[in-house]
>>> print(open('work_28.cif').read())   # mmCIF, C-alpha atoms and all ligand atoms
data_coords
loop_
_atom_site.label_atom_id
_atom_site.label_comp_id
_atom_site.auth_asym_id
_atom_site.auth_seq_id
_atom_site.Cartn_x
_atom_site.Cartn_y
_atom_site.Cartn_z
CA MET A 1 83.61 -147.73 33.81
CA ILE A 2 86.95 -147.23 32.06
CA VAL A 3 88.60 -143.81 32.23
CA VAL A 4 90.59 -143.19 29.07
CA ARG A 5 93.02 -140.27 28.71
CA THR A 6 94.54 -140.82 25.28
CA ILE A 7 93.31 -141.47 21.76
CA SER A 8 95.43 -144.63 21.50
CA ASP A 9 93.91 -145.99 24.75
CA TYR A 10 90.44 -145.32 23.37
CA ARG A 11 91.36 -147.27 20.23
CA LYS A 12 92.58 -150.18 22.40
CA ASN A 13 89.23 -150.23 24.23
CA TYR A 14 87.13 -149.57 21.11
CA PRO A 15 83.71 -151.06 21.81
CA SER A 16 81.71 -153.29 19.49
CA GLY A 17 78.01 -152.72 18.79
CA SER A 18 76.16 -149.41 18.95
CA ILE A 19 77.96 -146.49 20.61
CA GLY A 20 76.11 -143.54 22.09
CA PHE A 21 78.28 -140.47 22.64
CA VAL A 22 77.71 -137.54 25.02
CA PRO A 23 80.29 -134.75 24.58
CA THR A 24 80.61 -132.35 27.53
CA MET A 25 82.94 -129.87 29.18
CA GLY A 26 82.34 -131.48 32.59
CA ALA A 27 81.01 -129.90 35.80
CA LEU A 28 78.26 -132.43 35.24
CA HIS A 29 74.66 -131.68 36.20
CA GLU A 30 71.26 -133.27 35.66
CA GLY A 31 71.15 -131.91 32.07
CA HIS A 32 74.29 -133.83 31.12
CA LEU A 33 73.07 -136.91 32.99
CA SER A 34 69.75 -136.87 31.12
CA LEU A 35 71.74 -137.17 27.87
CA VAL A 36 73.65 -140.13 29.34
CA ARG A 37 70.35 -141.82 30.27
CA GLU A 38 68.99 -141.34 26.76
CA SER A 39 72.18 -142.79 25.29
CA LYS A 40 72.04 -145.77 27.64
CA ARG A 41 68.43 -146.44 26.62
CA GLU A 42 69.41 -146.58 22.96
CA ASN A 43 72.92 -148.07 22.77
CA GLN A 44 75.05 -150.98 23.87
CA THR A 45 77.90 -148.70 24.96
CA THR A 46 77.81 -145.11 26.23
CA VAL A 47 80.87 -142.89 25.92
CA LEU A 48 81.00 -139.58 27.81
CA SER A 49 83.73 -137.08 27.03
CA ILE A 50 84.92 -134.36 29.36
CA PHE A 51 87.10 -131.78 27.65
CA VAL A 52 87.16 -128.05 28.40
CA ASN A 53 87.85 -127.04 24.83
CA PRO A 54 90.08 -123.94 24.78
CA THR A 55 89.36 -123.08 21.15
CA GLN A 56 85.69 -122.29 21.83
CA PHE A 57 86.52 -119.64 24.46
CA GLY A 58 87.21 -116.04 23.46
CA PRO A 59 90.24 -114.16 24.86
CA ASN A 60 88.14 -112.41 27.54
CA GLU A 61 86.01 -115.43 28.47
CA ASP A 62 86.07 -117.79 31.44
CA LEU A 63 88.45 -120.56 30.23
CA THR A 64 90.71 -120.46 33.29
CA LYS A 65 87.90 -120.19 35.84
CA TYR A 66 85.60 -122.75 34.13
CA PRO A 67 84.77 -125.36 36.85
CA ARG A 68 86.71 -128.65 36.60
CA PRO A 69 85.48 -130.94 39.44
CA PHE A 70 86.95 -134.06 37.82
CA GLU A 71 86.62 -136.47 40.76
CA ARG A 72 82.97 -135.60 41.33
CA ASP A 73 82.30 -135.89 37.58
CA THR A 74 83.93 -139.34 37.51
CA GLU A 75 81.69 -140.49 40.38
CA LEU A 76 78.55 -139.16 38.71
CA ALA A 77 79.46 -140.77 35.39
CA GLN A 78 80.12 -144.08 37.14
CA GLN A 79 76.81 -143.92 39.06
CA GLU A 80 74.93 -143.19 35.84
CA GLY A 81 76.44 -146.25 34.14
CA VAL A 82 78.75 -144.59 31.62
CA ASP A 83 80.93 -147.30 30.05
CA ILE A 84 83.86 -145.18 28.83
CA LEU A 85 84.84 -141.75 30.15
CA PHE A 86 87.13 -140.09 27.60
CA ALA A 87 88.98 -137.17 29.20
CA PRO A 88 91.94 -136.11 27.07
CA ASN A 89 94.23 -133.19 27.90
CA VAL A 90 94.73 -130.23 25.57
CA ASP A 91 98.02 -131.52 24.08
CA GLU A 92 96.37 -134.81 23.20
CA MET A 93 93.63 -133.01 21.26
CA TYR A 94 95.52 -130.17 19.59
CA PRO A 95 98.76 -130.36 17.64
CA GLU A 96 100.55 -127.11 16.86
CA ASP A 97 98.78 -124.97 14.24
CA PRO A 98 95.73 -127.27 13.98
CA SER A 99 93.32 -127.43 11.05
CA THR A 100 89.89 -126.03 11.87
CA VAL A 101 86.31 -126.50 10.72
CA HIS A 102 84.02 -123.58 9.87
CA VAL A 103 80.30 -124.11 9.44
CA PRO A 104 79.03 -121.18 7.36
CA GLY A 105 75.71 -119.41 7.79
CA VAL A 106 74.14 -120.98 10.83
CA SER A 107 77.25 -120.39 12.99
CA GLU A 108 77.53 -116.71 12.12
CA TYR A 109 74.47 -115.18 13.80
CA PHE A 110 73.61 -114.59 17.46
CA ASP A 111 76.10 -116.43 19.71
CA GLY A 112 78.46 -116.74 16.74
CA ALA A 113 78.39 -112.95 16.30
CA ALA A 114 78.63 -112.25 20.04
CA ARG A 115 81.46 -114.77 20.53
CA PRO A 116 83.71 -114.63 17.43
CA GLY A 117 85.38 -117.98 16.72
CA HIS A 118 83.22 -119.81 19.27
CA PHE A 119 81.42 -122.07 16.81
CA ASP A 120 84.61 -122.75 14.82
CA GLY A 121 86.01 -124.08 18.10
CA VAL A 122 82.86 -126.12 18.73
CA ALA A 123 82.67 -127.53 15.18
CA THR A 124 86.38 -128.42 15.19
CA VAL A 125 86.34 -130.23 18.52
CA VAL A 126 83.06 -132.03 17.74
CA ALA A 127 84.46 -133.21 14.37
CA LYS A 128 87.63 -134.44 16.10
CA LEU A 129 85.68 -136.19 18.87
CA PHE A 130 83.37 -137.82 16.31
CA ASN A 131 86.42 -139.15 14.42
CA ILE A 132 88.05 -140.41 17.63
CA VAL A 133 84.98 -141.91 19.33
CA ARG A 134 83.24 -143.06 16.11
CA PRO A 135 79.75 -143.18 17.67
CA THR A 136 76.56 -144.48 16.13
CA SER A 137 74.51 -141.71 17.78
CA ALA A 138 75.45 -138.48 19.56
CA TYR A 139 73.37 -136.69 22.19
CA PHE A 140 73.12 -132.91 22.50
CA GLY A 141 70.98 -130.62 24.65
CA GLN A 142 68.36 -128.32 23.16
CA LYS A 143 69.55 -125.82 25.77
CA ASP A 144 72.28 -124.88 23.25
CA LEU A 145 69.96 -124.57 20.26
CA GLN A 146 72.36 -122.83 17.89
CA GLN A 147 75.05 -125.40 18.73
CA CYS A 148 72.58 -128.14 17.73
CA ALA A 149 71.97 -126.43 14.37
CA VAL A 150 75.72 -126.00 13.78
CA VAL A 151 76.48 -129.64 14.62
CA GLN A 152 73.61 -130.91 12.47
CA LYS A 153 74.95 -128.93 9.47
CA LEU A 154 78.47 -130.20 10.21
CA VAL A 155 77.19 -133.79 10.19
CA ASN A 156 75.25 -133.26 6.95
CA ASP A 157 77.95 -131.33 5.10
CA LEU A 158 80.91 -133.53 6.08
CA ASN A 159 78.98 -136.81 5.76
CA PHE A 160 79.45 -138.08 9.28
CA GLU A 161 77.37 -141.25 9.57
CA ILE A 162 76.11 -140.31 13.00
CA ARG A 163 72.53 -139.84 14.15
CA LEU A 164 72.07 -136.73 16.28
CA LYS A 165 69.52 -136.75 19.04
CA ILE A 166 68.50 -133.41 20.50
CA CYS A 167 67.27 -133.82 24.08
CA GLN A 168 64.99 -131.55 26.12
CA THR A 169 66.39 -128.84 28.36
CA CYS A 170 66.51 -129.79 32.06
CA ARG A 171 65.47 -126.95 34.36
CA GLU A 172 65.46 -126.03 38.02
CA LYS A 173 61.99 -125.86 39.62
CA SER A 174 62.18 -122.10 39.08
CA GLY A 175 62.47 -122.67 35.33
CA LEU A 176 66.16 -121.69 35.15
CA ALA A 177 67.89 -123.92 32.59
CA LEU A 178 70.65 -125.98 34.23
CA SER A 179 74.11 -124.89 33.18
CA SER A 180 77.63 -125.38 34.53
CA ARG A 181 77.90 -121.58 34.44
CA ASN A 182 75.00 -121.17 36.93
CA GLN A 183 77.71 -121.73 39.58
CA TYR A 184 78.83 -118.16 38.87
CA LEU A 185 75.44 -116.77 40.00
CA SER A 186 74.78 -115.56 43.55
CA ASN A 187 71.60 -116.79 45.27
CA THR A 188 69.84 -113.50 44.51
CA GLU A 189 70.96 -113.62 40.87
CA LYS A 190 69.61 -117.19 40.61
CA ILE A 191 66.14 -115.96 41.59
CA VAL A 192 66.33 -113.13 39.03
CA ALA A 193 67.66 -115.58 36.40
CA SER A 194 64.39 -117.51 36.40
CA THR A 195 62.77 -114.45 34.73
CA ILE A 196 64.29 -115.64 31.45
CA TYR A 197 62.13 -118.76 31.28
CA ALA A 198 59.02 -116.94 32.54
CA THR A 199 59.52 -114.36 29.77
CA LEU A 200 59.97 -117.07 27.13
CA LEU A 201 56.77 -118.82 28.26
CA ASN A 202 54.78 -115.60 28.22
CA ALA A 203 56.14 -114.65 24.77
CA GLN A 204 55.31 -118.12 23.45
CA GLN A 205 51.69 -117.75 24.58
CA ARG A 206 51.43 -114.29 22.98
CA LEU A 207 52.76 -115.60 19.66
CA LEU A 208 50.34 -118.53 19.74
CA ARG A 209 47.55 -115.95 20.20
CA ALA A 210 48.85 -114.35 16.94
CA GLU A 211 50.29 -111.21 18.54
CA PRO A 212 52.85 -109.65 16.14
CA PHE A 213 56.44 -110.57 17.05
CA GLU A 214 57.74 -106.96 17.12
CA GLY A 215 55.45 -106.10 20.04
CA VAL A 216 56.24 -109.35 21.87
CA GLN A 217 59.97 -108.71 21.42
CA ALA A 218 59.75 -105.14 22.75
CA TRP A 219 57.77 -106.38 25.77
CA ALA A 220 60.26 -109.21 26.48
CA LEU A 221 63.34 -106.99 26.23
CA SER A 222 61.83 -104.44 28.59
CA GLU A 223 60.75 -107.21 31.01
CA LEU A 224 64.33 -108.53 31.12
CA LYS A 225 65.80 -105.04 31.61
CA THR A 226 63.36 -104.33 34.45
CA ALA A 227 64.41 -107.60 36.15
CA GLY A 228 68.06 -106.46 36.06
CA PHE A 229 69.45 -108.09 32.90
CA GLN A 230 71.39 -106.58 30.05
CA PRO A 231 69.63 -108.41 27.21
CA GLU A 232 71.70 -109.15 24.09
CA TYR A 233 68.95 -110.55 21.88
CA PHE A 234 65.42 -111.91 22.08
CA GLU A 235 64.51 -113.35 18.68
CA LEU A 236 62.15 -115.63 16.83
CA VAL A 237 64.06 -117.99 14.51
CA ASN A 238 63.80 -121.03 12.31
CA ARG A 239 65.66 -123.46 14.57
CA ASN A 240 67.26 -125.39 11.69
CA THR A 241 68.84 -122.41 9.95
CA MET A 242 68.83 -119.95 12.88
CA SER A 243 67.55 -117.25 10.53
CA PRO A 244 65.23 -114.67 12.11
CA ILE A 245 61.54 -114.88 11.18
CA SER A 246 58.65 -112.63 12.10
CA VAL A 247 55.74 -115.06 11.72
CA ILE A 248 55.63 -118.50 13.38
CA ASP A 249 55.87 -121.62 11.20
CA GLY A 250 56.44 -125.36 11.74
CA CYS A 251 59.93 -125.00 13.26
CA SER A 252 59.89 -121.73 15.19
CA SER A 253 61.82 -121.18 18.39
CA LEU A 254 62.33 -118.19 20.63
CA ILE A 255 65.96 -117.64 21.59
CA VAL A 256 67.39 -115.31 24.20
CA ALA A 257 70.79 -114.23 25.51
CA ALA A 258 71.13 -111.85 28.43
CA LYS A 259 73.84 -110.87 30.88
CA LEU A 260 73.22 -110.89 34.60
CA GLY A 261 76.19 -109.18 36.20
CA ALA A 262 79.19 -110.86 34.59
CA THR A 263 77.34 -114.05 33.66
CA ARG A 264 75.94 -114.50 30.16
CA LEU A 265 72.88 -116.77 30.09
CA ILE A 266 71.18 -118.29 27.05
CA ASP A 267 67.88 -120.12 26.74
CA ASN A 268 65.24 -120.97 24.14
CA LEU A 269 61.74 -122.33 23.79
CA THR A 270 59.98 -124.14 20.97
CA VAL A 271 56.95 -122.16 19.78
CA THR A 272 55.71 -124.63 17.19
CA GLY A 273 56.84 -127.96 15.83
P1 LIG B 1 78.50 -128.39 28.07
O1 LIG B 1 79.22 -129.21 29.08
O2 LIG B 1 77.91 -127.13 28.63
O3 LIG B 1 79.31 -128.18 26.82
O4 LIG B 1 77.23 -129.24 27.62
C1 LIG B 1 77.38 -130.56 27.14
C2 LIG B 1 76.05 -131.01 26.57
O5 LIG B 1 75.05 -130.96 27.57
C3 LIG B 1 75.57 -130.10 25.41
O6 LIG B 1 74.98 -130.91 24.41
C4 LIG B 1 74.56 -129.24 26.11
O7 LIG B 1 73.57 -128.72 25.22
C5 LIG B 1 73.94 -130.22 27.10
N1 LIG B 1 73.27 -129.49 28.17
C6 LIG B 1 73.75 -128.44 28.87
N2 LIG B 1 72.80 -127.98 29.73
C7 LIG B 1 71.70 -128.75 29.55
C8 LIG B 1 70.40 -128.77 30.13
N3 LIG B 1 70.04 -127.89 31.05
N4 LIG B 1 69.51 -129.70 29.70
C9 LIG B 1 69.87 -130.60 28.74
N5 LIG B 1 71.09 -130.64 28.15
C10 LIG B 1 71.99 -129.73 28.55
#
>>> encode(input="work_28.cif", output="structure tokens")
Amino acid sequence: MIVVRTISDYRKNYPSGSIGFVPTMGALHEGHLSLVRESKRENQTTVLSIFVNPTQFGPNEDLTKYPRPFERDTELAQQEGVDILFAPNVDEMYPEDPSTVHVPGVSEYFDGAARPGHFDGVATVVAKLFNIVRPTSAYFGQKDLQQCAVVQKLVNDLNFEIRLKICQTCREKSGLALSSRNQYLSNTEKIVASTIYATLLNAQQRLLRAEPFEGVQAWALSELKTAGFQPEYFELVNRNTMSPISVIDGCSSLIVAAKLGATRLIDNLTVTG
């Protein structure tokens, strides 16, 4: 595996053949590694990026305390068979007063509303990484469903010739979706956190039995509150546009965001499609 720190070094090592790209912020876990495996199955070269992107963090978010276990990440990437690890620093990625990308509509609801500027930061860094890495295919986790919709619209609207592959969410046995931010949870909070997935599963079954969404939503929000969460939203959406719907169709997903102590957790579940 080659570790590359600068854009010019990446250019010098630019691979031939198909390139699969897995963008991450590091603190690698099984979810990230499952994307690497998928990329390795489908491409001649797999590029993993590790970049804690400052522009997608709000002023009161966890940018400084975000975990950065770089040596461990390098070992995991190597063991998994990553060919190129691209880990630039902030100065390499951002000139002064940088241009930014805004993806209208899909980036403005839910996490976009709760975290102003977050998806502009995501869209900008993903566009830059796509232009630097120039992959054939890029691999994203369904765990961040709205991010997938934003990146897909970015690719369509700006004519990136890149195939996106959305990969299944990896979970703990308890059902808790793996996330680098789970490190912030205490052991007791981790047990409580699994209520999110249990609630999603139960709500999915109710919707498939044709229970009206309003009732299911009220039940789910109260279930989360009783477990100790401060829920932010529990919604049924079209997963391509992220617009709320009240009756399930061919691309319906349940999405949820809830705070447990200081930690904000998100998750989602496909209902149909
Ligand atoms: P992050 O490092 O959190 O920015 O995530 C990098 C990529 O890994 C994104 O495409 C995420 O959606 C994906 N990812 C994060 N958690 C999981 C998970 N539990 N299962 C599958 N993919 C994930």
>>> closest_residue(input="work_28.cif", among="A:Gln204, A:Thr46, A:Thr188, A:Ser246", to="A:Gly228", atoms="only C-alpha atoms")
A:Thr188
>>> residues_near_ligand(input="work_28.cif", ligand="ligand LIG 1 (chain B)", cutoff="6 Å", atoms="all atoms listed in the file", output="PyMOL selection string")
chain A and resi 23-26+31-32+140-144+168-171+177-179
>>> closest_atom_pairs(input="work_28.cif", of="stretch 137-221 of chain A", to="stretch 2-21 of chain A", cutoff="9 Å", atoms="only C-alpha atoms", output="CSV")
residue,atom,partner,partner_atom,distance
A:Ser137,CA,A:Gly20,CA,4.9
A:Ala138,CA,A:Phe21,CA,4.6
A:Tyr139,CA,A:Phe21,CA,6.2
>>> atom_distance(input="work_28.cif", atom1="atom CA of A:Ser34", atom2="atom CA of A:Glu172")
13.5 Å
>>> closest_residue(input="work_28.cif", among="A:Val106, A:Ile162, A:Leu129, A:Ala113", to="A:Ser243", atoms="all atoms listed in the file")
A:Val106
>>> residues_around(input="work_28.cif", residues="A:Asn53", least_positions_apart="4", cutoff="8 Å", atoms="all atoms listed in the file", output="list in words")
Met25, Phe57, Val90, Gly121, Val122 and Val125 of chain A
>>> residues_around(input="work_28.cif", residues="A:Tyr66", least_positions_apart="3", cutoff="9 Å", atoms="all atoms listed in the file", output="list of chain:residue names")
A:Ala27, A:Val52, A:Asp62, A:Leu63, A:Ser180, A:Arg181
>>> write_last_selection(input="work_28.cif", atoms="C-alpha atoms", output="PDB file, in the coordinates of the input")
ATOM      1  CA  ALA A  27      81.010-129.900  35.800  1.00  0.00           C
ATOM      2  CA  VAL A  52      87.160-128.050  28.400  1.00  0.00           C
ATOM      3  CA  ASP A  62      86.070-117.790  31.440  1.00  0.00           C
ATOM      4  CA  LEU A  63      88.450-120.560  30.230  1.00  0.00           C
ATOM      5  CA  SER A 180      77.630-125.380  34.530  1.00  0.00           C
ATOM      6  CA  ARG A 181      77.900-121.580  34.440  1.00  0.00           C
TER       7      ARG A 181
END
>>> closest_residue(input="work_28.cif", among="A:His102, A:Arg239, A:Arg37, A:Lys128", to="A:Phe160", atoms="only C-alpha atoms")
A:Lys128
>>> closest_residue(input="work_28.cif", among="A:Cys148, A:Ala77, A:Leu185, A:Leu85", to="A:Thr263", atoms="only C-alpha atoms")
A:Leu185
>>> residues_near_point(input="work_28.cif", point="(61.7, -107.0, 38.9)", cutoff="12 Å", atoms="all atoms listed in the file", output="list in words")
Thr188, Glu189, Ile191, Val192, Ala193, Ser194, Thr195, Ile196, Thr199, Ser222, Glu223, Leu224, Lys225, Thr226, Ala227, Gly228 and Phe229 of chain A
>>> atom_distance(input="work_28.cif", atom1="atom CA of A:Gln44", atom2="atom CA of A:Val151")
23.3 Å
>>> residues_around(input="work_28.cif", residues="A:Met1", least_positions_apart="6", cutoff="9 Å", atoms="all atoms listed in the file", output="MDAnalysis selection string")
chainID A and resid 77:78 81:85
>>> write_last_selection(input="work_28.cif", atoms="C-alpha atoms", output="CSV table (one decimal), in the coordinates of the input")
chain,number,residue,atom,x,y,z
A,77,ALA,CA,79.5,-140.8,35.4
A,78,GLN,CA,80.1,-144.1,37.1
A,81,GLY,CA,76.4,-146.2,34.1
A,82,VAL,CA,78.8,-144.6,31.6
A,83,ASP,CA,80.9,-147.3,30.0
A,84,ILE,CA,83.9,-145.2,28.8
A,85,LEU,CA,84.8,-141.8,30.2
>>> residues_near_point(input="work_28.cif", point="(67.5, -116.4, 26.5)", cutoff="12 Å", atoms="only C-alpha atoms", output="count of residues only")
45
>>> atom_distance(input="work_28.cif", atom1="atom CA of A:Val126", atom2="atom CA of A:Val155")
9.7 Å
>>> closest_residue(input="work_28.cif", among="A:Asp91, A:Val150, A:Ile132, A:Arg41", to="A:Glu108", atoms="all atoms listed in the file")
A:Val150
>>> closest_residue(input="work_28.cif", among="A:Ser99, A:Gln147, A:Leu207, A:Lys153", to="A:His118", atoms="all atoms listed in the file")
A:Gln147
>>> residues_around(input="work_28.cif", residues="A:Ala210", least_positions_apart="5", cutoff="12 Å", atoms="all atoms listed in the file", output="ChimeraX atom specification")
/A:203-205,215-216,246-249,271
>>> decode(input="work_28.cif", residues="stretch 94-110 of chain A", atoms="C-alpha atoms", output="PDB file, in the first residue's frame")
ATOM      1  CA  TYR A  94      -8.244  24.159   0.965  1.00  0.00           C
ATOM      2  CA  PRO A  95      -6.752  27.326  -0.463  1.00  0.00           C
ATOM      3  CA  GLU A  96      -7.762  30.629   1.114  1.00  0.00           C
ATOM      4  CA  ASP A  97     -11.354  31.651   0.360  1.00  0.00           C
ATOM      5  CA  PRO A  98     -12.222  28.411  -1.486  1.00  0.00           C
ATOM      6  CA  SER A  99     -15.053  27.965  -3.981  1.00  0.00           C
ATOM      7  CA  THR A 100     -17.866  25.796  -2.660  1.00  0.00           C
ATOM      8  CA  VAL A 101     -20.546  23.508  -4.058  1.00  0.00           C
ATOM      9  CA  HIS A 102     -24.190  23.717  -2.980  1.00  0.00           C
ATOM     10  CA  VAL A 103     -26.627  20.953  -3.870  1.00  0.00           C
ATOM     11  CA  PRO A 104     -30.107  22.490  -3.677  1.00  0.00           C
ATOM     12  CA  GLY A 105     -33.234  20.764  -2.421  1.00  0.00           C
ATOM     13  CA  VAL A 106     -32.072  17.403  -1.174  1.00  0.00           C
ATOM     14  CA  SER A 107     -29.359  18.933   1.051  1.00  0.00           C
ATOM     15  CA  GLU A 108     -31.688  21.396   2.740  1.00  0.00           C
ATOM     16  CA  TYR A 109     -33.962  19.157   4.823  1.00  0.00           C
ATOM     17  CA  PHE A 110     -33.314  17.096   7.957  1.00  0.00           C
TER      18      PHE A 110
END
